[in-house]
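Trainee: Before I ask anything, let me first share the structure, which is written out below as structure tokens.
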Amino acid sequence: MMKRFEHQWQDFKWTDIESPTQEDFVRLAEEFEIPFQPLATSLDSEHLPKFLTLSESVSFMILRLYDVTAKHQAGTMQDLSTKLILFFGKDFLLTIHRMPLECIEEKKMKCSFEQLSLDGLIKSLFIKVIATYDKPLDEVESKTQVIESRVFTLRRRNILREGYLIKRRTSVFKKIFKFTTDVLNKLQTVPGHAFQDMEETREPLEKYSFYADSIYEDITGLLNLHLSLMSQKTNEASYKTNEIMRILTVVSIFFLPLNFIAGVYGMNFEHMPELKIEQGYHMTLLAMFLIAVAIFAWIYKKGWLTKDDL
């Protein structure tokens with residue numbers, strides 16, 4: 001059900017509409033002499049922040065502010081933000097939104113005590129919309145610091161999933177700030193209004209934009225570092241396994257010929273002439289020893305026993 005709020009200042013009237021229907025849009029279009037099409041489609045979820053001049057006397061602006069009801073896993077512009085629509089002329093301001101907005105409710109409570117111009121009210125709402133991103137940016141920065149500590153302590157659990165979510169959120173914030181800056185630039189060119197001096201609005205917008213860029217770069221670097229450390233750990237484990245196999249292979253080289261000799265003379269054939277030699281046992285041990293020394297010398301010459309290789 002639509003909720004309507006009105007307040008009349010000396011030279012203009014502010015009308016706030018919450019949760020309008022298509023029938024309400026028809027009446028609003030007639031009341032404020034606004035084209036029906038931009039009014040009826042203004043609350044479509046896919047709209048980005050934008051500014052349009054509908055006629056010589058009416059301008060149209062869409063702003064996106066952070067949705068305090070957004071879920072923890074939200075990562076799209078539609079899930080993270082909600083819209084505030086502004087139609088304004090020389091003597092009126094019409095604001096439209098789907099849900100109760102804290103910045104609107106706060107302004108409603110104070111409007112009876114404030115002496116504002118139309119341009120001053122629009123500037124005030126613009127600043128309050130931008131300020132809704134202050135807390136979300138602080139939260140994603142805190143999460144980035146948590147992920148940073150987990151990366152360097154090699155606590156791998158959920159780093160990729162949470163880091164990717166932070167990156168998605170920050171990317172959405174960057175996009176919103178970029179299009180909001182475009183809206184601000186176009187707003188300053190509207191004739192008949194005192195929007196030329198918007199430094200008070202531009203300064204926090206640029207600050208939050210820089211803030212979002214910094215967080216985005218930080219979380220991207222941490223994710224890349226995490227993947228690099230994961231790859232390094234895997235490579236180290238593979239290297240150790242390969243080195244163990246090399247050591248076992250080198251050791252087995254000594255025993256293969258010795259096992260062969262022991263196997264030959266361990267056969268229980270009756271007619272083996274070497275078994276009758278009185279010094280056969282000692283000669284066989286000596287042959288084994290010489291073979292082992294020769295193998296050792298060959299392996300050492302190849303460099304397979306040096307510290308760097310093993």
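Note on naming: chains are A, B, ... as they come in the structure tokens, residues start from 1 per chain, ligands start from 1 in the order shown.
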Quick check for you: according to DSSP on this backbone, which residues of segment 45-291 of chain A are classed as strand (DSSP E)? Reply as number ranges by chain.
Mentor: A: 50-53, 59-66, 81-88, 92-97
Trainee: Could you make a table, as a Markdown table, of the residues of segment 19-83 of chain A that have an atom within 10 Å of an atom of segment 118-126 of chain A, each with its nearest atom pair and distance in Å to one decimal, counting only C-alpha atoms, in chain and number order?
Mentor:
```
| residue | atom | partner | partner_atom | distance |
| --- | --- | --- | --- | --- |
| A:Leu63 | CA | A:Phe126 | CA | 8.0 |
| A:Arg64 | CA | A:Phe126 | CA | 10.0 |
| A:Leu65 | CA | A:Phe126 | CA | 9.7 |
```
Trainee: Could you write out the selected residues, including C-alpha atoms, as a PDB file, in the first residue's frame?
Mentor:
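Once everything was written out, this is selection33.pdb:
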```pdb
ATOM      1  CA  LEU A  63      20.375   7.089  -6.958  1.00  0.00           C
ATOM      2  CA  ARG A  64      21.279   3.770  -5.376  1.00  0.00           C
ATOM      3  CA  LEU A  65      21.884   3.527  -1.643  1.00  0.00           C
TER       4      LEU A  65
END
```
Trainee: Need the shell around segment 168-184 of chain A: protein/DNA/RNA residues with any atom at most 6 Å away, counting only C-alpha atoms. Skip same-chain ones fewer than 5 positions apart. Format as an mmCIF file with all heavy atoms, in the first residue's frame?
Mentor:
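Final output, result.cif:
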```
data_model
loop_
_atom_site.group_PDB
_atom_site.id
_atom_site.type_symbol
_atom_site.label_atom_id
_atom_site.label_comp_id
_atom_site.auth_asym_id
_atom_site.auth_seq_id
_atom_site.Cartn_x
_atom_site.Cartn_y
_atom_site.Cartn_z
ATOM 1 N N PRO A 49 22.491 4.071 -11.355
ATOM 2 C CA PRO A 49 22.359 5.514 -11.121
ATOM 3 C C PRO A 49 22.452 6.279 -12.442
ATOM 4 O O PRO A 49 23.345 6.028 -13.257
ATOM 5 C CB PRO A 49 23.560 5.828 -10.217
ATOM 6 C CG PRO A 49 23.844 4.549 -9.514
ATOM 7 C CD PRO A 49 23.550 3.468 -10.511
ATOM 8 N N LYS A 50 21.515 7.193 -12.649
ATOM 9 C CA LYS A 50 21.531 7.956 -13.896
ATOM 10 C C LYS A 50 20.775 9.269 -13.723
ATOM 11 O O LYS A 50 20.030 9.455 -12.742
ATOM 12 C CB LYS A 50 20.934 7.156 -15.045
ATOM 13 C CG LYS A 50 19.455 6.869 -14.929
ATOM 14 C CD LYS A 50 18.965 6.099 -16.151
ATOM 15 C CE LYS A 50 17.473 5.793 -16.068
ATOM 16 N NZ LYS A 50 16.997 5.058 -17.255
ATOM 17 N N PHE A 51 20.959 10.162 -14.688
ATOM 18 C CA PHE A 51 20.310 11.464 -14.676
ATOM 19 C C PHE A 51 19.768 11.738 -16.080
ATOM 20 O O PHE A 51 20.457 11.539 -17.072
ATOM 21 C CB PHE A 51 21.302 12.562 -14.277
ATOM 22 C CG PHE A 51 20.694 13.934 -14.243
ATOM 23 C CD1 PHE A 51 20.131 14.418 -13.080
ATOM 24 C CD2 PHE A 51 20.680 14.736 -15.377
ATOM 25 C CE1 PHE A 51 19.559 15.683 -13.040
ATOM 26 C CE2 PHE A 51 20.121 15.993 -15.351
ATOM 27 C CZ PHE A 51 19.557 16.476 -14.175
ATOM 28 N N GLY A 75 25.799 -10.345 -3.486
ATOM 29 C CA GLY A 75 26.968 -9.915 -4.238
ATOM 30 C C GLY A 75 26.632 -9.208 -5.536
ATOM 31 O O GLY A 75 27.519 -8.982 -6.360
ATOM 32 N N MET A 77 24.358 -5.876 -7.562
ATOM 33 C CA MET A 77 23.878 -4.526 -7.299
ATOM 34 C C MET A 77 22.427 -4.532 -6.826
ATOM 35 O O MET A 77 22.048 -3.764 -5.941
ATOM 36 C CB MET A 77 24.018 -3.681 -8.562
ATOM 37 C CG MET A 77 23.646 -2.226 -8.366
ATOM 38 S SD MET A 77 23.947 -1.200 -9.823
ATOM 39 C CE MET A 77 25.707 -1.311 -9.988
ATOM 40 N N SER A 209 34.891 6.319 -3.184
ATOM 41 C CA SER A 209 35.353 5.685 -4.418
ATOM 42 C C SER A 209 36.800 5.229 -4.278
ATOM 43 O O SER A 209 37.164 4.102 -4.668
ATOM 44 C CB SER A 209 35.211 6.661 -5.587
ATOM 45 O OG SER A 209 35.629 6.070 -6.793
ATOM 46 N N ALA A 212 36.898 2.226 -1.917
ATOM 47 C CA ALA A 212 36.507 0.982 -2.583
ATOM 48 C C ALA A 212 37.612 0.463 -3.501
ATOM 49 O O ALA A 212 37.876 -0.742 -3.554
ATOM 50 C CB ALA A 212 35.219 1.203 -3.379
ATOM 51 N N TYR A 216 39.455 -3.121 -3.096
ATOM 52 C CA TYR A 216 39.427 -4.045 -4.236
ATOM 53 C C TYR A 216 40.835 -4.511 -4.592
ATOM 54 O O TYR A 216 41.068 -5.706 -4.831
ATOM 55 C CB TYR A 216 38.779 -3.352 -5.431
ATOM 56 C CG TYR A 216 38.582 -4.244 -6.631
ATOM 57 C CD1 TYR A 216 37.459 -5.053 -6.749
ATOM 58 C CD2 TYR A 216 39.531 -4.272 -7.648
ATOM 59 C CE1 TYR A 216 37.276 -5.868 -7.846
ATOM 60 C CE2 TYR A 216 39.362 -5.092 -8.748
ATOM 61 C CZ TYR A 216 38.237 -5.887 -8.846
ATOM 62 O OH TYR A 216 38.072 -6.700 -9.935
#
```
Trainee: Would you list the contacts of Arg161 of chain A as a PyMOL selection string, taking every protein, DNA or RNA residue within 10 Å and counting only C-alpha atoms, but skipping same-chain residues closer than 5 positions in sequence?
Mentor: chain A and resi 166-167+223
Trainee: Can I get the selection written as an mmCIF file, in the first residue's frame, with C-alpha atoms?
Mentor:
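Result file part-v3.cif:
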```
data_model
loop_
_atom_site.group_PDB
_atom_site.id
_atom_site.type_symbol
_atom_site.label_atom_id
_atom_site.label_comp_id
_atom_site.auth_asym_id
_atom_site.auth_seq_id
_atom_site.Cartn_x
_atom_site.Cartn_y
_atom_site.Cartn_z
ATOM 1 C CA ILE A 166 34.319 -9.286 -0.737
ATOM 2 C CA LYS A 167 35.686 -8.702 -4.221
ATOM 3 C CA LEU A 223 43.614 -13.802 -3.236
#
```
Trainee: DSSP on the backbone, alpha helix (DSSP H) only: what residues of segment 50-216 of chain A does that give? Format it as JSON, numbers by chain.
Mentor: {"A": [77, 78, 79, 80, 102, 103, 104, 105, 106, 107, 108, 109, 110, 118, 119, 120, 121, 122, 123, 124, 125, 126, 127, 128, 129, 130, 131, 134, 135, 136, 137, 138, 139, 140, 141, 142, 143, 144, 145, 146, 147, 148, 149, 150, 151, 152, 159, 160, 161, 162, 163, 164, 165, 166, 167, 168, 169, 170, 171, 172, 173, 174, 175, 176, 177, 178, 179, 180, 181, 182, 183, 184, 185, 186, 187, 199, 200, 201, 202, 203, 204, 205, 206, 207, 208, 209, 210, 211, 212, 213, 214, 215, 216]}
Trainee: Can you pull out the residues contacting Glu102 of chain A? Cut-off 10 Å, using only C-alpha atoms, and skip same-chain residues under 4 positions away; I want them as a JSON list (two decimals) with N, CA, C and O atoms, in the first residue's frame.
Mentor:
```json
[["chain", "number", "residue", "atom", "x", "y", "z"],
["A", 68, "VAL", "N", 20.16, -1.93, 3.84],
["A", 68, "VAL", "CA", 20.54, -2.45, 5.16],
["A", 68, "VAL", "C", 19.99, -3.85, 5.40],
["A", 68, "VAL", "O", 20.42, -4.53, 6.33],
["A", 106, "GLU", "N", 14.63, 10.26, 8.33],
["A", 106, "GLU", "CA", 15.33, 11.28, 9.12],
["A", 106, "GLU", "C", 15.02, 12.68, 8.62],
["A", 106, "GLU", "O", 14.81, 13.62, 9.40],
["A", 107, "LYS", "N", 15.00, 12.83, 7.30],
["A", 107, "LYS", "CA", 14.70, 14.14, 6.73],
["A", 107, "LYS", "C", 13.24, 14.54, 6.98],
["A", 107, "LYS", "O", 12.95, 15.73, 7.21],
["A", 108, "LYS", "N", 12.34, 13.57, 6.98],
["A", 108, "LYS", "CA", 10.94, 13.87, 7.29],
["A", 108, "LYS", "C", 10.79, 14.43, 8.70],
["A", 108, "LYS", "O", 10.02, 15.36, 8.94],
["A", 128, "LYS", "N", 23.28, 12.11, 1.97],
["A", 128, "LYS", "CA", 22.82, 11.01, 2.84],
["A", 128, "LYS", "C", 22.84, 9.68, 2.11],
["A", 128, "LYS", "O", 23.12, 8.63, 2.70],
["A", 129, "VAL", "N", 22.52, 9.68, 0.82],
["A", 129, "VAL", "CA", 22.58, 8.45, 0.03],
["A", 129, "VAL", "C", 24.01, 7.92, -0.02],
["A", 129, "VAL", "O", 24.27, 6.73, 0.17],
["A", 132, "THR", "N", 25.39, 6.20, 3.16],
["A", 132, "THR", "CA", 24.94, 4.84, 3.53],
["A", 132, "THR", "C", 26.01, 3.79, 3.25],
["A", 132, "THR", "O", 25.91, 2.67, 3.76]]
```
Trainee: Excluding same-chain residues fewer than 6 positions from Lys143 of chain A, what lies within 10 Å of it counting only C-alpha atoms, as an mmCIF file with C-alpha atoms, in the first residue's frame?
Mentor:
```
data_model
loop_
_atom_site.group_PDB
_atom_site.id
_atom_site.type_symbol
_atom_site.label_atom_id
_atom_site.label_comp_id
_atom_site.auth_asym_id
_atom_site.auth_seq_id
_atom_site.Cartn_x
_atom_site.Cartn_y
_atom_site.Cartn_z
ATOM 1 C CA LEU A 137 32.930 -0.246 3.308
ATOM 2 C CA SER A 149 45.827 -12.574 8.788
ATOM 3 C CA GLU A 162 34.876 -15.159 1.424
ATOM 4 C CA GLY A 163 37.536 -13.270 -0.512
ATOM 5 C CA ILE A 166 34.319 -9.286 -0.737
ATOM 6 C CA ILE A 219 41.590 -8.274 -1.680
#
```
Trainee: Excluding Leu160 of chain A and any residue of its chain fewer than 3 positions from it, enumerate the residues within 10 Å of it, using only C-alpha atoms, and give them as a ChimeraX atom specification.
Mentor: /A:147,156-157,163-166,222-224,226-227
Trainee: Give me a file of those residues, with N, CA and C atoms, as a short mmCIF file (atom, residue, chain, number, x, y, z; two decimals), in the first residue's frame.
Mentor:
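Heads up, here's the output in again_10.cif:
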```cif
data_model
loop_
_atom_site.label_atom_id
_atom_site.label_comp_id
_atom_site.auth_asym_id
_atom_site.auth_seq_id
_atom_site.Cartn_x
_atom_site.Cartn_y
_atom_site.Cartn_z
N ILE A 147 41.02 -11.80 6.45
CA ILE A 147 41.54 -12.71 5.43
C ILE A 147 43.05 -12.57 5.30
N ARG A 156 43.63 -21.89 5.68
CA ARG A 156 43.07 -21.81 4.33
C ARG A 156 41.55 -21.84 4.27
N ARG A 157 40.89 -22.16 5.35
CA ARG A 157 39.46 -22.43 5.30
C ARG A 157 38.66 -21.20 4.83
N GLY A 163 36.81 -14.30 0.23
CA GLY A 163 37.54 -13.27 -0.51
C GLY A 163 36.84 -12.91 -1.81
N TYR A 164 36.30 -13.90 -2.49
CA TYR A 164 35.58 -13.63 -3.75
C TYR A 164 34.32 -12.83 -3.48
N LEU A 165 33.63 -13.11 -2.36
CA LEU A 165 32.43 -12.35 -2.01
C LEU A 165 32.79 -10.89 -1.73
N ILE A 166 33.88 -10.66 -1.01
CA ILE A 166 34.32 -9.29 -0.74
C ILE A 166 34.66 -8.58 -2.05
N LEU A 222 45.51 -10.21 -2.09
CA LEU A 222 45.50 -11.29 -1.09
C LEU A 222 45.06 -12.61 -1.70
N LEU A 223 44.07 -12.57 -2.58
CA LEU A 223 43.61 -13.80 -3.24
C LEU A 223 44.72 -14.38 -4.12
N ASN A 224 45.41 -13.50 -4.86
CA ASN A 224 46.52 -13.97 -5.69
C ASN A 224 47.65 -14.54 -4.83
N HIS A 226 47.30 -15.84 -1.83
CA HIS A 226 46.82 -17.11 -1.27
C HIS A 226 46.98 -18.24 -2.28
N LEU A 227 46.60 -17.98 -3.54
CA LEU A 227 46.75 -19.01 -4.57
C LEU A 227 48.21 -19.35 -4.80
#
```
Trainee: Rank nothing, just name the residue among A:Gln10, A:Thr82, A:Ser59, A:Thr21 nearest to Ser117 of chain A, using only C-alpha atoms.
Mentor: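 That would be A:Gln10, the residue with the smallest distance to Ser117 of chain A.
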Trainee: Using only C-alpha atoms for the distances, tell me which of A:Val140, A:Ile62, A:Ile159, A:Met230 is nearest to Ser214 of chain A.
Mentor: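 Ranking A:Val140, A:Ile62, A:Ile159, A:Met230 by distance to Ser214 of chain A, first place goes to A:Val140.
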